[in-house]
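Source file: run.pdb. Holds: PDB, C-alpha atoms and all ligand atoms.
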ATOM      1  CA  MET A   1     -14.964 -12.158  13.197
ATOM      2  CA  ASN A   2     -15.710  -8.915  14.987
ATOM      3  CA  THR A   3     -17.934  -6.895  12.641
ATOM      4  CA  ASP A   4     -18.009  -3.736  14.795
ATOM      5  CA  GLY A   5     -15.493  -1.010  14.174
ATOM      6  CA  PRO A   6     -12.699  -0.894  11.636
ATOM      7  CA  LEU A   7     -11.080  -4.086  10.345
ATOM      8  CA  LEU A   8      -7.639  -2.536  10.833
ATOM      9  CA  ARG A   9      -6.520   0.175  13.223
ATOM     10  CA  VAL A  10      -2.912   1.294  12.996
ATOM     11  CA  GLU A  11      -1.815   3.312  16.045
ATOM     12  CA  ASN A  12       1.398   5.335  16.180
ATOM     13  CA  ILE A  13       3.432   2.830  14.196
ATOM     14  CA  LYS A  14       7.151   3.517  13.935
ATOM     15  CA  LYS A  15       9.669   1.651  11.852
ATOM     16  CA  TYR A  16      13.249   2.913  11.867
ATOM     17  CA  PHE A  17      16.231   1.423  10.055
ATOM     18  CA  SER A  18      19.844   1.961  11.100
ATOM     19  CA  SER A  19      22.724   2.001   8.643
ATOM     20  CA  ARG A  20      25.246  -0.688   9.533
ATOM     21  CA  LYS A  21      28.293   0.661   7.717
ATOM     22  CA  GLN A  22      30.150   3.318   9.582
ATOM     23  CA  PHE A  23      32.491   5.519   7.585
ATOM     24  CA  LEU A  24      35.663   6.343   9.539
ATOM     25  CA  GLY A  25      34.001   5.305  12.759
ATOM     26  CA  SER A  26      31.052   7.689  12.435
ATOM     27  CA  ALA A  27      27.895   6.770  14.333
ATOM     28  CA  PRO A  28      25.270   4.719  12.483
ATOM     29  CA  LYS A  29      22.527   6.799  10.917
ATOM     30  CA  THR A  30      18.829   6.173  11.339
ATOM     31  CA  VAL A  31      16.105   6.375   8.708
ATOM     32  CA  LYS A  32      12.699   7.007  10.196
ATOM     33  CA  ALA A  33      10.939   5.171   7.366
ATOM     34  CA  VAL A  34       7.550   5.170   9.116
ATOM     35  CA  ASP A  35       7.280   7.688  11.911
ATOM     36  CA  ASP A  36       4.225   7.699  14.133
ATOM     37  CA  VAL A  37       1.602   6.745  11.561
ATOM     38  CA  SER A  38      -2.017   6.146  12.604
ATOM     39  CA  PHE A  39      -5.140   5.415  10.563
ATOM     40  CA  GLU A  40      -8.176   3.152  10.344
ATOM     41  CA  LEU A  41      -9.368   0.921   7.549
ATOM     42  CA  PHE A  42     -12.996  -0.144   7.370
ATOM     43  CA  ARG A  43     -14.369  -3.418   6.078
ATOM     44  CA  GLY A  44     -14.902  -3.505   2.341
ATOM     45  CA  GLU A  45     -13.178  -0.197   1.684
ATOM     46  CA  THR A  46     -10.039   0.605  -0.273
ATOM     47  CA  LEU A  47      -7.587   3.033   1.273
ATOM     48  CA  GLY A  48      -4.985   4.379  -1.135
ATOM     49  CA  VAL A  49      -1.539   5.276   0.209
ATOM     50  CA  VAL A  50       0.313   7.712  -2.044
ATOM     51  CA  GLY A  51       3.542   9.661  -2.018
ATOM     52  CA  GLU A  52       6.849   9.942  -3.806
ATOM     53  CA  SER A  53       9.437   7.200  -3.721
ATOM     54  CA  GLY A  54      10.991   6.970  -0.243
ATOM     55  CA  CYS A  55       7.955   8.326   1.609
ATOM     56  CA  GLY A  56       7.592   5.089   3.605
ATOM     57  CA  LYS A  57       4.433   3.740   2.001
ATOM     58  CA  SER A  58       5.856   0.295   1.139
ATOM     59  CA  THR A  59       7.547   0.004   4.540
ATOM     60  CA  LEU A  60       4.199   0.793   6.133
ATOM     61  CA  GLY A  61       2.542  -2.041   4.173
ATOM     62  CA  ARG A  62       5.223  -4.500   5.235
ATOM     63  CA  ALA A  63       5.110  -3.290   8.853
ATOM     64  CA  ILE A  64       1.352  -3.960   9.009
ATOM     65  CA  LEU A  65       2.019  -7.566   7.988
ATOM     66  CA  ARG A  66       5.048  -7.727  10.300
ATOM     67  CA  LEU A  67       7.314  -8.488   7.337
ATOM     68  CA  HIS A  68       9.251  -5.557   8.807
ATOM     69  CA  GLU A  69       8.756  -5.777  12.566
ATOM     70  CA  PRO A  70       7.524  -2.350  13.799
ATOM     71  CA  ASP A  71       9.592  -0.680  16.532
ATOM     72  CA  SER A  72       6.549   0.565  18.413
ATOM     73  CA  GLY A  73       2.831   1.224  18.120
ATOM     74  CA  ARG A  74      -0.164  -1.051  17.730
ATOM     75  CA  ILE A  75      -1.695  -2.856  14.768
ATOM     76  CA  VAL A  76      -5.191  -3.876  15.793
ATOM     77  CA  TYR A  77      -6.657  -6.295  13.272
ATOM     78  CA  ASP A  78     -10.229  -7.477  13.795
ATOM     79  CA  GLY A  79      -9.919  -6.618  17.479
ATOM     80  CA  THR A  80      -6.509  -8.259  18.075
ATOM     81  CA  ASP A  81      -3.207  -6.433  18.511
ATOM     82  CA  LEU A  82      -0.975  -8.269  16.046
ATOM     83  CA  LEU A  83       2.198  -7.104  17.780
ATOM     84  CA  SER A  84       1.179  -9.028  20.919
ATOM     85  CA  LEU A  85       1.067 -12.341  19.011
ATOM     86  CA  ASN A  86       3.836 -14.908  18.875
ATOM     87  CA  LYS A  87       4.880 -16.601  15.621
ATOM     88  CA  SER A  88       2.357 -19.434  15.742
ATOM     89  CA  GLU A  89      -0.511 -17.148  16.840
ATOM     90  CA  MET A  90       0.376 -14.842  13.942
ATOM     91  CA  ARG A  91       0.032 -17.690  11.450
ATOM     92  CA  ASP A  92      -3.783 -17.546  11.229
ATOM     93  CA  TYR A  93      -3.613 -13.822  10.593
ATOM     94  CA  ARG A  94      -0.972 -14.280   7.895
ATOM     95  CA  GLN A  95      -3.490 -16.340   5.965
ATOM     96  CA  ARG A  96      -6.137 -13.642   6.314
ATOM     97  CA  MET A  97      -3.779 -10.797   5.372
ATOM     98  CA  GLN A  98      -2.122 -11.053   1.974
ATOM     99  CA  ILE A  99       0.114  -8.840  -0.157
ATOM    100  CA  ILE A 100       0.506  -8.472  -3.917
ATOM    101  CA  PHE A 101       3.842  -7.035  -5.033
ATOM    102  CA  GLN A 102       4.765  -4.835  -7.963
ATOM    103  CA  ASP A 103       6.953  -7.149 -10.005
ATOM    104  CA  PRO A 104       5.264 -10.495 -10.610
ATOM    105  CA  TYR A 105       8.187 -11.841 -12.642
ATOM    106  CA  ALA A 106      10.609 -11.389  -9.750
ATOM    107  CA  SER A 107       8.133 -12.941  -7.311
ATOM    108  CA  LEU A 108       7.333 -16.079  -9.336
ATOM    109  CA  ASN A 109       9.714 -19.038  -9.338
ATOM    110  CA  PRO A 110      10.415 -19.596 -13.055
ATOM    111  CA  ARG A 111      10.779 -23.361 -12.532
ATOM    112  CA  MET A 112       7.258 -23.812 -11.131
ATOM    113  CA  THR A 113       4.056 -24.181 -13.129
ATOM    114  CA  VAL A 114       0.995 -22.069 -12.418
ATOM    115  CA  LYS A 115      -0.576 -24.999 -10.596
ATOM    116  CA  GLU A 116       2.504 -25.435  -8.395
ATOM    117  CA  LEU A 117       2.805 -21.703  -7.753
ATOM    118  CA  ILE A 118      -0.775 -21.335  -6.565
ATOM    119  CA  CYS A 119      -0.738 -24.665  -4.690
ATOM    120  CA  ALA A 120       2.394 -23.568  -2.834
ATOM    121  CA  SER A 121       0.321 -20.969  -0.940
ATOM    122  CA  LEU A 122      -2.094 -23.710   0.157
ATOM    123  CA  ASP A 123       0.794 -26.037   1.084
ATOM    124  CA  VAL A 124       2.302 -23.423   3.400
ATOM    125  CA  PHE A 125      -0.882 -23.273   5.443
ATOM    126  CA  GLY A 126      -1.738 -26.992   5.085
ATOM    127  CA  ILE A 127      -5.097 -26.253   3.492
ATOM    128  CA  GLY A 128      -7.110 -29.082   1.871
ATOM    129  CA  THR A 129      -6.251 -32.487   0.479
ATOM    130  CA  LYS A 130      -4.339 -32.823  -2.784
ATOM    131  CA  ALA A 131      -7.590 -33.138  -4.763
ATOM    132  CA  GLU A 132      -9.228 -30.247  -2.916
ATOM    133  CA  ARG A 133      -6.214 -28.069  -3.623
ATOM    134  CA  ILE A 134      -6.497 -28.689  -7.351
ATOM    135  CA  ASP A 135     -10.182 -27.704  -7.199
ATOM    136  CA  MET A 136      -9.252 -24.524  -5.310
ATOM    137  CA  VAL A 137      -6.553 -23.686  -7.856
ATOM    138  CA  LEU A 138      -8.951 -24.165 -10.772
ATOM    139  CA  ASP A 139     -11.614 -22.105  -9.016
ATOM    140  CA  ILE A 140      -9.300 -19.168  -8.325
ATOM    141  CA  MET A 141      -7.806 -19.315 -11.840
ATOM    142  CA  GLU A 142     -11.309 -18.940 -13.203
ATOM    143  CA  LYS A 143     -12.034 -16.033 -10.860
ATOM    144  CA  VAL A 144      -8.902 -14.108 -11.905
ATOM    145  CA  GLY A 145      -9.468 -14.800 -15.608
ATOM    146  CA  LEU A 146      -6.643 -17.275 -16.269
ATOM    147  CA  PRO A 147      -7.571 -19.952 -18.840
ATOM    148  CA  LEU A 148      -7.665 -23.347 -17.127
ATOM    149  CA  GLU A 149      -5.673 -24.968 -19.927
ATOM    150  CA  TYR A 150      -2.685 -22.849 -18.769
ATOM    151  CA  LEU A 151      -2.505 -24.856 -15.542
ATOM    152  CA  ASN A 152       0.815 -26.492 -16.382
ATOM    153  CA  ARG A 153       2.506 -23.516 -18.016
ATOM    154  CA  TYR A 154       5.511 -21.639 -16.619
ATOM    155  CA  PRO A 155       5.684 -17.903 -15.770
ATOM    156  CA  HIS A 156       7.766 -17.012 -18.846
ATOM    157  CA  GLU A 157       4.917 -18.230 -21.073
ATOM    158  CA  PHE A 158       2.616 -15.476 -19.745
ATOM    159  CA  SER A 159       2.282 -11.763 -20.461
ATOM    160  CA  GLY A 160       2.910  -9.209 -17.686
ATOM    161  CA  GLY A 161      -0.814  -8.840 -17.043
ATOM    162  CA  GLN A 162      -1.322 -12.601 -16.827
ATOM    163  CA  ARG A 163       1.613 -12.943 -14.444
ATOM    164  CA  GLN A 164       0.015 -10.351 -12.186
ATOM    165  CA  ARG A 165      -3.203 -12.398 -12.341
ATOM    166  CA  ILE A 166      -1.173 -15.397 -11.103
ATOM    167  CA  MET A 167       0.082 -13.252  -8.200
ATOM    168  CA  ILE A 168      -3.483 -12.227  -7.383
ATOM    169  CA  ALA A 169      -4.590 -15.876  -7.561
ATOM    170  CA  ARG A 170      -1.797 -16.918  -5.170
ATOM    171  CA  ALA A 171      -2.945 -14.345  -2.641
ATOM    172  CA  LEU A 172      -6.680 -14.933  -2.974
ATOM    173  CA  VAL A 173      -6.636 -18.741  -2.993
ATOM    174  CA  LEU A 174      -6.055 -18.437   0.767
ATOM    175  CA  ASN A 175      -9.425 -16.724   1.130
ATOM    176  CA  PRO A 176      -8.071 -13.586   2.882
ATOM    177  CA  ASP A 177     -10.245 -10.690   4.028
ATOM    178  CA  PHE A 178      -7.489  -8.061   3.734
ATOM    179  CA  VAL A 179      -5.104  -7.522   0.823
ATOM    180  CA  ILE A 180      -2.266  -5.038   0.483
ATOM    181  CA  GLY A 181      -1.436  -4.118  -3.105
ATOM    182  CA  ASP A 182       2.104  -2.694  -3.205
ATOM    183  CA  GLU A 183       2.229  -0.889  -6.553
ATOM    184  CA  PRO A 184       0.503  -3.936  -8.108
ATOM    185  CA  VAL A 185      -0.085  -2.345 -11.528
ATOM    186  CA  SER A 186       2.959  -0.054 -11.794
ATOM    187  CA  ALA A 187       4.982  -2.457 -13.938
ATOM    188  CA  LEU A 188       2.125  -3.046 -16.397
ATOM    189  CA  ASP A 189       1.338  -1.373 -19.723
ATOM    190  CA  VAL A 190      -1.429   1.220 -19.523
ATOM    191  CA  SER A 191      -3.958  -0.954 -21.401
ATOM    192  CA  VAL A 192      -3.313  -3.981 -19.188
ATOM    193  CA  ARG A 193      -3.310  -1.809 -16.063
ATOM    194  CA  ALA A 194      -7.000  -0.986 -16.500
ATOM    195  CA  GLN A 195      -7.874  -4.675 -16.867
ATOM    196  CA  VAL A 196      -6.075  -5.631 -13.665
ATOM    197  CA  LEU A 197      -7.631  -2.718 -11.754
ATOM    198  CA  ASN A 198     -11.084  -3.753 -12.935
ATOM    199  CA  LEU A 199     -10.331  -7.316 -11.892
ATOM    200  CA  MET A 200      -9.318  -6.129  -8.422
ATOM    201  CA  LYS A 201     -12.531  -4.113  -8.157
ATOM    202  CA  ASP A 202     -14.688  -7.070  -9.211
ATOM    203  CA  LEU A 203     -12.906  -9.458  -6.846
ATOM    204  CA  GLN A 204     -13.326  -7.019  -3.980
ATOM    205  CA  GLN A 205     -17.103  -7.140  -4.462
ATOM    206  CA  GLU A 206     -17.276 -10.869  -5.036
ATOM    207  CA  LEU A 207     -15.012 -11.884  -2.152
ATOM    208  CA  SER A 208     -15.764  -9.024   0.318
ATOM    209  CA  LEU A 209     -12.149  -7.865   0.392
ATOM    210  CA  THR A 210     -10.648  -4.861   2.144
ATOM    211  CA  TYR A 211      -7.705  -3.262   0.330
ATOM    212  CA  LEU A 212      -4.754  -1.111   1.266
ATOM    213  CA  PHE A 213      -3.558   0.088  -2.129
ATOM    214  CA  ILE A 214      -0.040   1.546  -2.245
ATOM    215  CA  SER A 215       0.807   3.576  -5.332
ATOM    216  CA  HIS A 216       2.676   6.625  -6.584
ATOM    217  CA  ASP A 217       0.079   7.018  -9.364
ATOM    218  CA  LEU A 218      -2.705   9.380  -8.331
ATOM    219  CA  SER A 219      -4.857   8.548 -11.360
ATOM    220  CA  VAL A 220      -4.879   4.875 -10.458
ATOM    221  CA  VAL A 221      -5.646   5.663  -6.820
ATOM    222  CA  ARG A 222      -8.528   7.904  -7.856
ATOM    223  CA  TYR A 223     -10.014   5.101  -9.892
ATOM    224  CA  LEU A 224      -9.800   2.391  -7.245
ATOM    225  CA  CYS A 225      -9.846   3.933  -3.778
ATOM    226  CA  ASP A 226     -12.561   5.174  -1.411
ATOM    227  CA  ARG A 227     -10.189   7.191   0.770
ATOM    228  CA  VAL A 228      -6.646   8.387   0.242
ATOM    229  CA  MET A 229      -3.743   8.869   2.653
ATOM    230  CA  VAL A 230      -0.798  11.002   1.513
ATOM    231  CA  MET A 231       2.656  10.329   3.003
ATOM    232  CA  TYR A 232       5.878  12.315   2.934
ATOM    233  CA  LEU A 233       9.176  11.251   4.543
ATOM    234  CA  GLY A 234       7.548   8.697   6.807
ATOM    235  CA  LYS A 235       4.719  10.948   7.988
ATOM    236  CA  VAL A 236       1.034  11.238   7.093
ATOM    237  CA  MET A 237       0.349  14.633   5.505
ATOM    238  CA  GLU A 238      -3.337  14.227   4.695
ATOM    239  CA  ILE A 239      -6.183  11.691   4.778
ATOM    240  CA  ALA A 240      -9.582  12.245   3.181
ATOM    241  CA  ALA A 241     -12.379  10.645   1.228
ATOM    242  CA  ARG A 242     -11.299  10.337  -2.387
ATOM    243  CA  ASP A 243     -13.631  12.897  -3.961
ATOM    244  CA  GLU A 244     -12.931  15.425  -1.249
ATOM    245  CA  LEU A 245      -9.176  14.995  -1.551
ATOM    246  CA  TYR A 246      -9.176  15.375  -5.324
ATOM    247  CA  SER A 247     -11.494  18.405  -5.283
ATOM    248  CA  ASP A 248     -10.429  20.147  -2.065
ATOM    249  CA  ALA A 249      -6.946  19.068  -0.967
ATOM    250  CA  LYS A 250      -5.859  21.034   2.096
ATOM    251  CA  HIS A 251      -2.179  20.223   2.344
ATOM    252  CA  PRO A 252       0.295  22.013   0.035
ATOM    253  CA  TYR A 253       2.065  18.718  -0.684
ATOM    254  CA  THR A 254      -1.154  17.023  -1.782
ATOM    255  CA  GLN A 255      -2.008  20.088  -3.874
ATOM    256  CA  ALA A 256       1.374  19.875  -5.603
ATOM    257  CA  LEU A 257       1.007  16.144  -6.255
ATOM    258  CA  LEU A 258      -2.485  16.607  -7.686
ATOM    259  CA  SER A 259      -1.441  19.501  -9.901
ATOM    260  CA  SER A 260       1.235  17.302 -11.455
ATOM    261  CA  ILE A 261      -1.253  14.724 -12.790
ATOM    262  CA  PRO A 262      -0.865  15.021 -16.577
ATOM    263  CA  ILE A 263      -4.097  16.255 -18.217
ATOM    264  CA  PRO A 264      -4.486  17.689 -21.734
ATOM    265  CA  ASP A 265      -5.366  21.225 -20.613
ATOM    266  CA  VAL A 266      -3.025  24.169 -21.259
ATOM    267  CA  ASP A 267      -4.524  26.247 -18.410
ATOM    268  CA  ALA A 268      -4.089  23.384 -15.976
ATOM    269  CA  ALA A 269      -0.462  23.081 -17.053
ATOM    270  CA  LYS A 270       0.034  26.787 -16.245
ATOM    271  CA  ARG A 271      -1.495  26.274 -12.782
ATOM    272  CA  ARG A 272       0.856  23.391 -12.025
ATOM    273  CA  ILE A 273       2.649  23.671  -8.676
ATOM    274  CA  ARG A 274       6.182  22.515  -9.303
ATOM    275  CA  LEU A 275       7.804  20.667  -6.433
ATOM    276  CA  SER A 276      11.302  22.078  -6.261
ATOM    277  CA  GLY A 277      14.204  19.725  -5.674
ATOM    278  CA  ASP A 278      14.202  16.115  -4.615
ATOM    279  CA  VAL A 279      12.756  14.585  -1.478
ATOM    280  CA  PRO A 280      15.293  15.432   1.305
ATOM    281  CA  SER A 281      17.460  12.630   2.653
ATOM    282  CA  PRO A 282      15.461  10.441   5.028
ATOM    283  CA  PHE A 283      18.668  10.154   7.122
ATOM    284  CA  ASN A 284      18.392  13.823   7.916
ATOM    285  CA  PRO A 285      14.778  14.975   7.461
ATOM    286  CA  PRO A 286      14.037  18.701   7.775
ATOM    287  CA  SER A 287      13.116  20.015  11.225
ATOM    288  CA  GLY A 288       9.570  21.098  12.035
ATOM    289  CA  CYS A 289       7.309  20.365   9.100
ATOM    290  CA  ARG A 290       9.234  17.862   6.987
ATOM    291  CA  PHE A 291       7.826  19.432   3.834
ATOM    292  CA  HIS A 292       9.024  22.972   4.578
ATOM    293  CA  THR A 293      12.083  22.837   2.286
ATOM    294  CA  ARG A 294       9.822  22.357  -0.748
ATOM    295  CA  CYS A 295       6.584  24.028   0.320
ATOM    296  CA  VAL A 296       5.461  27.111  -1.629
ATOM    297  CA  ASN A 297       3.550  28.349   1.458
ATOM    298  CA  ALA A 298       6.337  27.823   3.993
ATOM    299  CA  ARG A 299       6.819  30.467   6.698
ATOM    300  CA  PRO A 300       9.634  30.764   9.252
ATOM    301  CA  GLU A 301       7.694  28.916  11.962
ATOM    302  CA  CYS A 302       7.264  25.869   9.700
ATOM    303  CA  SER A 303      10.865  24.828  10.330
ATOM    304  CA  GLN A 304      10.450  25.287  14.104
ATOM    305  CA  SER A 305       7.469  23.137  15.022
ATOM    306  CA  GLU A 306       5.962  20.012  13.573
ATOM    307  CA  PRO A 307       2.287  20.326  12.612
ATOM    308  CA  GLU A 308      -0.221  17.881  14.107
ATOM    309  CA  LEU A 309      -2.592  15.905  11.924
ATOM    310  CA  LYS A 310      -5.748  18.010  12.464
ATOM    311  CA  ASP A 311      -9.335  17.047  11.755
ATOM    312  CA  MET A 312     -10.823  19.554   9.324
ATOM    313  CA  GLY A 313     -14.267  17.906   9.502
ATOM    314  CA  ASN A 314     -15.807  14.951   7.735
ATOM    315  CA  GLY A 315     -12.810  12.764   8.547
ATOM    316  CA  HIS A 316     -10.626  15.020   6.405
ATOM    317  CA  MET A 317      -7.295  15.375   8.237
ATOM    318  CA  ALA A 318      -4.213  17.358   7.298
ATOM    319  CA  ALA A 319      -0.860  18.112   8.965
ATOM    320  CA  CYS A 320      -0.156  21.756   8.191
ATOM    321  CA  HIS A 321      -0.018  24.816  10.459
ATOM    322  CA  PHE A 322      -1.895  26.955   7.956
ATOM    323  CA  CYS A 323      -4.102  24.760   5.806
ATOM    324  CA  ASP A 324      -7.324  25.662   7.647
ATOM    325  CA  HIS A 325      -6.925  29.331   6.700
TER
HETATM  326 FE1  LIG B   1       3.957  24.174   4.189
HETATM  327 FE2  LIG B   1       4.275  25.155   6.634
HETATM  328 FE3  LIG B   1       2.091  23.804   6.041
HETATM  329 FE4  LIG B   1       4.418  22.561   6.241
HETATM  330  S1  LIG B   1       3.327  23.594   7.907
HETATM  331  S2  LIG B   1       2.912  22.282   4.666
HETATM  332  S3  LIG B   1       5.794  24.069   5.400
HETATM  333  S4  LIG B   1       2.721  25.767   5.173
END
Please render this file's structure as structure tokens.
Amino acid sequence: MNTDGPLLRVENIKKYFSSRKQFLGSAPKTVKAVDDVSFELFRGETLGVVGESGCGKSTLGRAILRLHEPDSGRIVYDGTDLLSLNKSEMRDYRQRMQIIFQDPYASLNPRMTVKELICASLDVFGIGTKAERIDMVLDIMEKVGLPLEYLNRYPHEFSGGQRQRIMIARALVLNPDFVIGDEPVSALDVSVRAQVLNLMKDLQQELSLTYLFISHDLSVVRYLCDRVMVMYLGKVMEIAARDELYSDAKHPYTQALLSSIPIPDVDAAKRRIRLSGDVPSPFNPPSGCRFHTRCVNARPECSQSEPELKDMGNGHMAACHFCDH
């Protein structure tokens, strides 16, 4: 393993989807789900990716793992460009790079026991003998806080929080160094959410994990992440260290998102920046700055030219023509 530099460097990744159905012979439309996204992720850190639904954050996660094959760009993982690898070369990296999805119930085969579900990950990669696999399953169940006597139970016999622990166990039994959490606590009750977040934090320390944590919930991201990247309509709007972003957001979109976090403070409610309207159609994103149709600071030139992601110092970057004023 190369310990110099970032564990993951994403360079100018693009992932576009074309609509297949053509109405009355009209040309297929293209969604630029991820459009020229670049960032770095350092070993042992947690980078949060936030934004409203449809901003491209989940597509980005899948593109990094090549579950959606990127159209262009580079994904340099531990010194290797993943997009240059063929299927069998990619296999080793698949083991090292895991993903935990939002809905554990949909992701768990209801006819398999916990033992079978976790063992299935090991089977795929041909890891260990039958006896060794059982030891690994028991070990990871203990680590994620699943009682060992539940080994032969089925998913429907577990609570939502426990099912998410099974999902975490399935990912971590492969001993990865990088884990993408795609809204991993969004489907959970608030009380259970905190337990699973704490578990993820503890496991990160214990197993030296690096996380990319995708979420629409800014409170959750604040709790777990070291740095935060804000996306809007497939583009990065801002990246900064967590405390800096939450105390000194530069981009009007980030400011609006942060002001909408519910807190029991009447004055804060009055200061709330309301985002008008819905996110524009990704089939036809606004010209220039993609946020200009909803931005309270928009000026005529914002619809003419697209702002670059500028470094405002300290690794704090924002894509706005006027946010350094
Ligand atoms: Fe708003 Fe203009 Fe900045 Fe875009 S470039 S965020 S529209 S002020």
Please tabulate, as JSON lines, the residues of chain A that come within 7 Å of ligand LIG 1 (chain B), each with its closest pair of atoms and the distance in Å to one decimal, counting all atoms listed in the file and ordering rows by chain, then residue number upward.
{"residue": "A:His251", "atom": "CA", "partner": "B:LIG1", "partner_atom": "S2", "distance": 6.0}
{"residue": "A:Pro252", "atom": "CA", "partner": "B:LIG1", "partner_atom": "S2", "distance": 5.3}
{"residue": "A:Tyr253", "atom": "CA", "partner": "B:LIG1", "partner_atom": "S2", "distance": 6.5}
{"residue": "A:Cys289", "atom": "CA", "partner": "B:LIG1", "partner_atom": "FE4", "distance": 4.6}
{"residue": "A:Arg290", "atom": "CA", "partner": "B:LIG1", "partner_atom": "FE4", "distance": 6.8}
{"residue": "A:Phe291", "atom": "CA", "partner": "B:LIG1", "partner_atom": "FE4", "distance": 5.2}
{"residue": "A:His292", "atom": "CA", "partner": "B:LIG1", "partner_atom": "S3", "distance": 3.5}
{"residue": "A:Cys295", "atom": "CA", "partner": "B:LIG1", "partner_atom": "FE1", "distance": 4.7}
{"residue": "A:Val296", "atom": "CA", "partner": "B:LIG1", "partner_atom": "FE1", "distance": 6.7}
{"residue": "A:Asn297", "atom": "CA", "partner": "B:LIG1", "partner_atom": "S4", "distance": 4.6}
{"residue": "A:Ala298", "atom": "CA", "partner": "B:LIG1", "partner_atom": "S3", "distance": 4.0}
{"residue": "A:Arg299", "atom": "CA", "partner": "B:LIG1", "partner_atom": "FE2", "distance": 5.9}
{"residue": "A:Cys302", "atom": "CA", "partner": "B:LIG1", "partner_atom": "FE2", "distance": 4.3}
{"residue": "A:Pro307", "atom": "CA", "partner": "B:LIG1", "partner_atom": "S1", "distance": 5.8}
{"residue": "A:Ala319", "atom": "CA", "partner": "B:LIG1", "partner_atom": "S1", "distance": 7.0}
{"residue": "A:Cys320", "atom": "CA", "partner": "B:LIG1", "partner_atom": "FE3", "distance": 3.7}
{"residue": "A:His321", "atom": "CA", "partner": "B:LIG1", "partner_atom": "S1", "distance": 4.4}
{"residue": "A:Phe322", "atom": "CA", "partner": "B:LIG1", "partner_atom": "FE3", "distance": 5.4}
{"residue": "A:Cys323", "atom": "CA", "partner": "B:LIG1", "partner_atom": "FE3", "distance": 6.3}
> Once the PyMOL selection byres (((chain A and resi 227) around 9) and not hetatm) has been applied to the shown file, what residues remain in the selection, as a list in words?
Replying inline: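 So the PyMOL selection byres (((chain A and resi 227) around 9) and not hetatm), applied here, picks out Glu45, Thr46, Leu47, Gly48, Val49, Val221, Arg222, Cys225, Asp226, Val228, Met229, Ile239, Ala240, Ala241, Arg242, Asp243, Glu244 and Leu245 of chain A.
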>> To test your reading of the syntax: which residues would the PyMOL selection byres (((chain A and resi 107) around 12) and not hetatm) return for the file shown? Reply as a list in words.
In response: Ile99, Ile100, Phe101, Gln102, Asp103, Pro104, Tyr105, Ala106, Leu108, Asn109, Pro110, Arg111, Met112, Leu117, Pro155, Arg163, Gln164, Ile166, Met167, Ile168, Arg170 and Pro184 of chain A
>> Please expand the PyMOL selection byres (((chain A and resi 185-197) around 7) and not hetatm) into the concrete residues it hits in this file, giving the result as an NGL selection string.
In response: :A and (102-103 or 160-161 or 183-184 or 198-201)
>> For Ser84 of chain A, find every residue with an atom within 9 Å (counting all atoms listed in the file), except residues of its own chain fewer than 3 positions away, and show them as a list in words.
In response: Arg74, Thr80 and Asp81 of chain A
>> To one decimal place in Å, what is the distance between atom CA of Ile13 of chain A and atom CA of Pro70 of chain A?
In response: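 Here the two named atoms are 6.6 Å from each other.
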> Leu209 of chain A: which residues within 6 Å, counting all atoms listed in the file, same-chain residues fewer than 5 positions away excluded, as a PyMOL selection string?
Replying inline: chain A and resi 44+177-178+204
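Taking only C-alpha atoms into account, Ser219 of chain A lies nearest to A:Val50 out of the set A:Val50, A:Glu132, A:Leu60, A:Val76.
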